[in-house]
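*Asks:* Have a look at this one.
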Amino acid sequence: MKAGADKAQCIYSSGEKKELNVDVGEFSLFRTNANHGISIMVIKDQKKGSLSINKIGKDDIDEAISTVLNMAESSMPDDAYDISEYQEAESFSKGDKEPALNIMYDRMEEFMEYSSNTFPTTIIEQAILDFSAGTSYFRNSNGVSFDETEGSYSFSVMFTSKEGKDISSFNSAGFSSLDIDLPLHKGGSINRLLKESAAHVRTKTVPNKFTGDIIVTPDCIMSFMGFILGNLSDFRLIAGTSLFRELMNKQIVHESLSIHSKPLSDNLSGGYFITSDGYKAEDLTIIENGILQTFLLSLYGSKKTGLQRVSNSGGSLIIDSGETAFEDMIQSVNKGVLLSRFSGGSPSDNGDFSGVAKNSFYIENGKVQYPISETMVSGNIVDMFQKVKHVSKEEVNFGDEIFPWIQFEGITVS
Amino acid sequence: MINKDLNKYSSHFSIYTELRMQENRNNHISMVNGDVMGNSVSSSSGVSSRVYNDGNWGFSSSPDFSDSAVEYVVKNASDNVLFMNKRKKKQCGFILPDISGHHEIDLSTQRVRNDQKQWIDFLRNIDDYIASKYSFLSSRTVVLSGLDMEKSLLTSAGSTSYSMTPRGIMYISLTMNNNGEPVDLMDVFGGLGQLEDHFLDPSHFYSDIDILVEHLQKKSNGIYADAGLKDVILDADLAGILAHEAIGHTTEADLVLGGSVAGEFMGEKVASELVTLVDYANTMNKQACPVPVYIDDEGTPSEDTVIIEDGSLKSFMHNKDSARHFNTKPTGNARAYAFSDEPLIRMRNTAIHPGTSTLEEMISSIDNGYYLMKSSNGQADSTSEFMFGVPLGYEIKGGKLGNAIKDTTISGVAFDVLKTIDMISSDMTWSAGGMCGKKQWIPVGMGGPAIKCKVNIGGR
């Protein structure tokens, strides 16, 4: 502010990541990354500049302030630029500060032994177990002062199955957690997806082109949900290309769907306490029984569109589970696909999509028949979310998100 | 500017060691419907070290460039490999190939540097041109993005290198409404070089904008493609992504070890005899490629990797460890994105070698098919089965271009598709902004000539 800004915000963060890597079934790398950084945003004459560096010497910071002020002065004014209003100072913390390194190694070793014994035809191409911890300090010129300290574990694995010359598509899985108390294969969908991979070395195409149901797994649902959420967010609402701009408090998806963003939920190890624009984050419901409850607009997006600001930064998604058992969903399908992974092009702005069903299975007469390849699914995402037949009782907690299986009808499969 | 000469730190090395200093600098300005939505610069810099011992790697990084930070990361990386060696049964006798090289290249612009106001004025000029000439558009997005990657390297094998490799890109994305439904199209300009090397005069892009709007208008009246296996021409964008995603990844040696289908095909006929597919290290036909790599981040001098030659699978891409495993030479494909990243086997500039046909000859040879011009995204897997989004294409009827088509996707098994190639154009175009994700994101070059082949096209 002394340098001449009208408004300013600054985030200083520092932390460390420790990461164990397995490549092609063997321990390969132990990596340690220390880092810190400063992000500065200034507003002057309603013009804005942003800068981030990871040098924290006084001269570096002085130069950064001079640069970001010059950037703001060079820009164009916009009445929508602003910073968050004063809130009570608070400190938040979650998770450990230091990893249990030997236990991390033990868990990884246990996972490798489990996968090679249980799924001998499956190759673990890469597995990564890391622990990241750090602290962020948020300050702005309206007196906002938040501190946030977090530490969590994250596991991801990529795998392919192979029998002779027959190989499966690769697949991947993962989860995050505040601890490593459970064996890694019990996290998220890992055990189920490893099992499916082993079954996927020999595939067939679907017998013919048809219109039927797809049951989208929790691992795959964000391939479609992302389009719905994108239409509720800053870019599309500001650009005027959102399909839902006029539909607040109206039904935008099937009434069986309720979708929440809960960064503070005790059921999620991920999450956050502070939004990127300087507000204390809150849990919220985005869609309740199909009806739109809130757009996902930042402070800037809110001022730009005249619509209400959302009280968090999105993510930490929870889709409420339903009342139908997964097995009953399968039995209800005449012809369809159990869609575990979708390799698709970016949907059109109107929601049209098409792509390849990967690591997926053909369903006929209420039974999973066989693993499929070279099979395309296509439809329109907006239409599809209006045609939900069932939502499963079962759900998967990935640490950052909790999703059930969702059955959609009227999808073209070829 | 980072320290070019790291030799004074060699005394810290006791076992196989790499030491890298790096700074990545970004400049990003975005304008949506005439408003500046993003105006930011960032830099991320630091030092990292990786050591190898008995089949294990240890890695450590710090944002500090000081002598004590260098000493710390080398020691910490050594401690990390020691931890692994203590926990894991030793794989004694594993020795990496002893290869070294020296190279220095600075591709910084020779022009006077623009300040942020000049770049915002440049974008405003572009946006004003679009808004005034094409008022029927419902949305305009124009983005300038610059990335400078500056690295210096010292290895215990004796390699030294310094590189400053910039990329300057402009994206233009336009949307119009047709019967209440949005239709969009995007194009990308620029490539190797800083922003000043590509974007000094906005009027140079007016004709490109006119062409983009013409395609968008045709697309807004476009038809759905007729789904099924079709004769198609994949223009450079799509031929490039086919070479990179669907073939290139399956021939990265770490993915071969992970079970990719290419592991079964070495030496076999995997494509039409017209096809030679190369991962170029730094130059092609004496012209710099989009991502020139002279020494990789393990200190190996980079060479072109001929993956497919006259239709036969010839080579995989290697780092030192995979070369040790396969008992061959490393190819200089080990690359890291940030100072805090370890080098992975990555492609550099991957393309099918040009052929002898003209695009006109190729179009006239198709009675019922499609000319597919742009890709929106692409994915492939270890089987070489691929899917690419196609946001711009035209039908071909009786050897002539017809209606534009709506957004669609193409899919197939790449090693099968390559066998159907029967014409390749004689020209060659690199795509402007290729990025590849594999644990880390990294800039890559991909492109090629147009190819005529058979693929599955999605429809409705």
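Identifiers in the structure tokens: chain A, B, ... in order shown; residue index from 1 per chain; ligand index from 1 in order shown.
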Taking 4 positions as the minimum chain separation for residues in the same chain, which residues sit within 7 Å of stretch 209-225 of chain B when counting only C-alpha atoms? Answer as a ChimeraX atom specification.

*Replies:* /B:178,183-185,205,403-406,458-460

*Asks:* Pull the closest atom pair for each residue of chain B that gets at most 7 Å from chain A, along with the distance in Å to one decimal, counting only C-alpha atoms, ordering rows by chain and then ascending residue number, as CSV.

*Replies:*
```
residue,atom,partner,partner_atom,distance
B:Val32,CA,A:Ala239,CA,6.5
B:Asn33,CA,A:Ala239,CA,6.8
B:Val36,CA,A:Met76,CA,6.5
B:Asn39,CA,A:Gly49,CA,5.5
B:Ser40,CA,A:Ser50,CA,4.4
B:Val41,CA,A:Leu51,CA,4.9
B:Ser42,CA,A:Ser52,CA,4.6
B:Ser43,CA,A:Ile53,CA,5.0
B:Ser44,CA,A:Asn54,CA,5.5
B:Ser45,CA,A:Asn54,CA,6.7
B:Asn56,CA,A:Ser28,CA,5.1
B:Trp57,CA,A:Leu29,CA,4.5
B:Gly58,CA,A:Phe30,CA,5.1
B:Phe59,CA,A:Arg31,CA,4.5
B:Ser60,CA,A:Thr32,CA,4.7
B:Ser61,CA,A:Asn33,CA,4.9
B:Ser62,CA,A:Ala34,CA,5.2
B:Pro63,CA,A:Asn35,CA,5.5
B:Asn80,CA,A:Phe30,CA,5.8
B:Val81,CA,A:Phe30,CA,6.7
B:Gln116,CA,A:Met71,CA,6.0
B:Lys117,CA,A:Ser74,CA,4.4
B:Ile120,CA,A:Ser75,CA,6.6
B:Ser139,CA,A:Ala239,CA,5.7
B:Glu181,CA,A:Asn350,CA,5.9
B:Pro182,CA,A:Asp349,CA,5.6
B:Val183,CA,A:Asp349,CA,6.2
B:Asp184,CA,A:Asp349,CA,6.8
B:Leu257,CA,A:Val24,CA,6.5
B:Gly258,CA,A:Glu125,CA,4.7
B:Gly259,CA,A:Thr160,CA,6.5
B:Glu264,CA,A:Lys165,CA,7.0
B:Ser340,CA,A:Asn33,CA,6.2
B:Ser376,CA,A:Ser346,CA,6.7
B:Asn377,CA,A:Gly345,CA,6.0
B:Gly378,CA,A:Gly345,CA,6.9
B:Gln379,CA,A:Ser343,CA,6.4
B:Asp381,CA,A:Ser169,CA,6.0
B:Ser382,CA,A:Ser169,CA,5.8
B:Thr383,CA,A:Ser169,CA,5.8
B:Met387,CA,A:Ser343,CA,6.4
B:Phe388,CA,A:Gly345,CA,6.0
B:Gly389,CA,A:Gly345,CA,4.0
B:Asp407,CA,A:Ser348,CA,6.4
B:Thr408,CA,A:Ser354,CA,6.7
B:Thr409,CA,A:Gly345,CA,6.1
B:Gly412,CA,A:Glu374,CA,6.8
B:Gly458,CA,A:Ser354,CA,6.5
```

*Asks:* Report as a PyMOL selection string all protein, DNA and RNA residues lying within 7 Å of B:Cys289, evaluated on only C-alpha atoms, omitting residues in the same chain fewer than 3 positions from it.

*Replies:* chain B and resi 282-284+292+349+445

*Asks:* If you run DSSP on this backbone, which residues of stretch 266-427 of chain B come out as strand (DSSP E), and could you give them as JSON, numbers by chain?

*Replies:* {"B": [277, 278, 279, 280, 283, 284, 287, 288, 305, 306, 307, 308, 309, 312, 313, 334, 335, 344, 345, 349, 350, 351, 352, 368, 369, 370, 371, 372, 373, 374, 378, 379, 380, 385, 386, 387, 388, 389, 390, 392, 393, 394, 395, 396, 397, 400, 401, 402, 403, 404, 408, 409, 410, 411, 412, 413, 423, 424]}

*Asks:* List every residue of stretch 57-267 of chain A that DSSP, applied to the backbone, labels as alpha helix (DSSP H), and write the result as a compact mmCIF listing (two decimals) with C-alpha atoms, in the first residue's frame.

*Replies:*
```txt
# COMPACT_ATOMS: atom_id res chain seq x y z
CA LYS A 58 13.66 -8.25 0.54
CA ASP A 59 15.06 -7.02 -2.79
CA ASP A 60 13.06 -9.67 -4.67
CA ILE A 61 9.85 -8.63 -2.91
CA ASP A 62 10.51 -4.90 -3.45
CA GLU A 63 11.07 -5.56 -7.15
CA ALA A 64 7.92 -7.70 -7.30
CA ILE A 65 5.83 -4.91 -5.77
CA SER A 66 7.19 -2.40 -8.26
CA THR A 67 6.52 -4.80 -11.16
CA VAL A 68 2.98 -5.67 -10.14
CA LEU A 69 2.09 -1.99 -9.67
CA ASN A 70 3.43 -1.26 -13.15
CA MET A 71 1.35 -4.14 -14.49
CA ALA A 72 -1.78 -2.72 -12.87
CA GLU A 73 -1.08 0.77 -14.22
CA SER A 74 -0.63 -0.77 -17.69
CA LEU A 101 8.24 -42.08 6.30
CA ASN A 102 8.97 -45.67 7.23
CA ILE A 103 5.25 -46.42 7.42
CA MET A 104 4.84 -44.86 3.97
CA TYR A 105 7.49 -47.25 2.67
CA ASP A 106 5.84 -50.19 4.46
CA ARG A 107 2.43 -49.32 2.99
CA MET A 108 3.89 -49.07 -0.49
CA GLU A 109 5.71 -52.38 -0.09
CA GLU A 110 2.51 -53.98 1.22
CA PHE A 111 0.60 -52.63 -1.79
CA MET A 112 3.14 -54.00 -4.26
CA GLU A 113 3.03 -57.40 -2.59
CA TYR A 114 -0.78 -57.40 -2.51
CA SER A 115 -1.15 -56.42 -6.16
CA SER A 116 1.43 -58.90 -7.44
CA ASN A 117 -0.09 -61.76 -5.40
CA THR A 118 -3.74 -60.93 -6.06
CA ILE A 190 -8.22 -49.07 -6.26
CA ASN A 191 -9.02 -52.71 -5.50
CA ARG A 192 -12.07 -52.76 -7.81
CA LEU A 193 -10.19 -51.15 -10.69
CA LEU A 194 -7.22 -53.51 -10.34
CA LYS A 195 -9.64 -56.44 -10.48
CA GLU A 196 -11.38 -55.01 -13.55
CA SER A 197 -8.04 -54.40 -15.27
CA ALA A 198 -7.07 -58.05 -14.89
CA MET A 222 -16.42 -35.95 -13.35
CA SER A 223 -15.89 -36.49 -17.11
CA PHE A 224 -19.50 -35.29 -17.44
CA MET A 225 -20.09 -33.29 -14.25
CA GLY A 226 -17.27 -30.94 -15.19
CA PHE A 227 -19.39 -29.56 -18.03
CA ILE A 228 -22.35 -28.86 -15.71
CA LEU A 229 -20.11 -27.12 -13.15
CA GLY A 230 -18.28 -25.19 -15.88
CA ASP A 234 -16.90 -17.50 -13.80
CA PHE A 235 -15.73 -17.93 -17.37
CA ARG A 236 -18.95 -19.05 -19.02
CA LEU A 237 -21.18 -16.74 -16.99
CA ILE A 238 -18.96 -13.73 -17.75
CA ALA A 239 -18.49 -14.69 -21.40
```

*Asks:* To one decimal place in Å, what is the distance between atom CA of A:Thr275 and atom CA of B:Lys439?

*Replies:*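 It comes out at 26.4 Å.
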
*Asks:* Let me make sure I understand: among B:His204, B:Asp422, B:Asn27, B:Glu71, which one has the smallest atom-to-atom distance to B:Lys8 if we use only C-alpha atoms?

*Replies:*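 Ranked by minimum distance to B:Lys8, first place goes to B:Glu71.
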
*Asks:* Could you tell me how far atom CA of B:Val270 sits from atom CA of B:Gly248, in Å to one decimal place?

*Replies:* 13.0 Å

*Asks:* Can you tell me, as a ChimeraX atom specification, what residues are no more than 7 Å from A:Val391 when counting only C-alpha atoms, ignoring any on the same chain fewer than 5 positions away?

*Replies:* /A:321-324,404-407

*Asks:* Rounded to one decimal, what separation in Å do you get between atom CA of B:Leu137 and atom CA of B:Thr175?

*Replies:*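 Calculated distance between atom CA of B:Leu137 and atom CA of B:Thr175 is 5.9 Å.
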
*Asks:* With only C-alpha atoms as the counted atoms, please give the residues lying no more than 8 Å from B:Asp197, apart from itself and same-chain residues fewer than 2 positions off, as a list in words.

*Replies:* Thr109, Arg111, Gly168, Gly193, Gln194, Leu195, Phe199 and Leu200 of chain B

*Asks:* Output the selection as a CSV table (one decimal), in the first residue's frame - N, CA and C atoms for each residue.

*Replies:*
```
chain,number,residue,atom,x,y,z
B,109,THR,N,14.7,-13.5,-27.4
B,109,THR,CA,14.5,-12.7,-28.6
B,109,THR,C,15.6,-11.7,-28.7
B,111,ARG,N,14.8,-8.9,-30.2
B,111,ARG,CA,14.1,-7.7,-30.4
B,111,ARG,C,14.0,-6.9,-29.0
B,168,GLY,N,6.1,-18.6,-27.2
B,168,GLY,CA,5.1,-17.5,-27.1
B,168,GLY,C,3.9,-17.9,-27.9
B,193,GLY,N,10.0,-19.2,-29.4
B,193,GLY,CA,10.4,-17.8,-29.4
B,193,GLY,C,9.6,-17.0,-28.3
B,194,GLN,N,10.1,-15.9,-27.9
B,194,GLN,CA,9.3,-15.1,-27.0
B,194,GLN,C,8.2,-14.3,-27.7
B,195,LEU,N,7.3,-13.7,-26.9
B,195,LEU,CA,6.2,-13.1,-27.5
B,195,LEU,C,6.6,-12.1,-28.6
B,199,PHE,N,4.5,-11.6,-32.2
B,199,PHE,CA,3.3,-10.8,-32.0
B,199,PHE,C,3.6,-9.2,-31.9
B,200,LEU,N,4.3,-8.7,-32.9
B,200,LEU,CA,4.6,-7.3,-32.8
B,200,LEU,C,3.5,-6.5,-33.5
```

*Asks:* So that I can check the surroundings of stretch 297-308 of chain B, please list as a PyMOL selection string every protein, DNA and RNA residue that reaches within 7 Å of it, counting only C-alpha atoms and ignoring chain neighbours fewer than 2 positions away.

*Replies:* chain B and resi 18+99-101+155+159-160+276-281+293-295+310-317+331-336+343

*Asks:* Mind checking which residues fall within 7 Å of stretch 86-91 of chain A, counting only C-alpha atoms, ignoring those fewer than 5 positions away in the same chain, and posting them as a list in words?

*Replies:* Asn142, Gly143, Val144, Ser145, Phe146, Asp147 and Glu148 of chain A
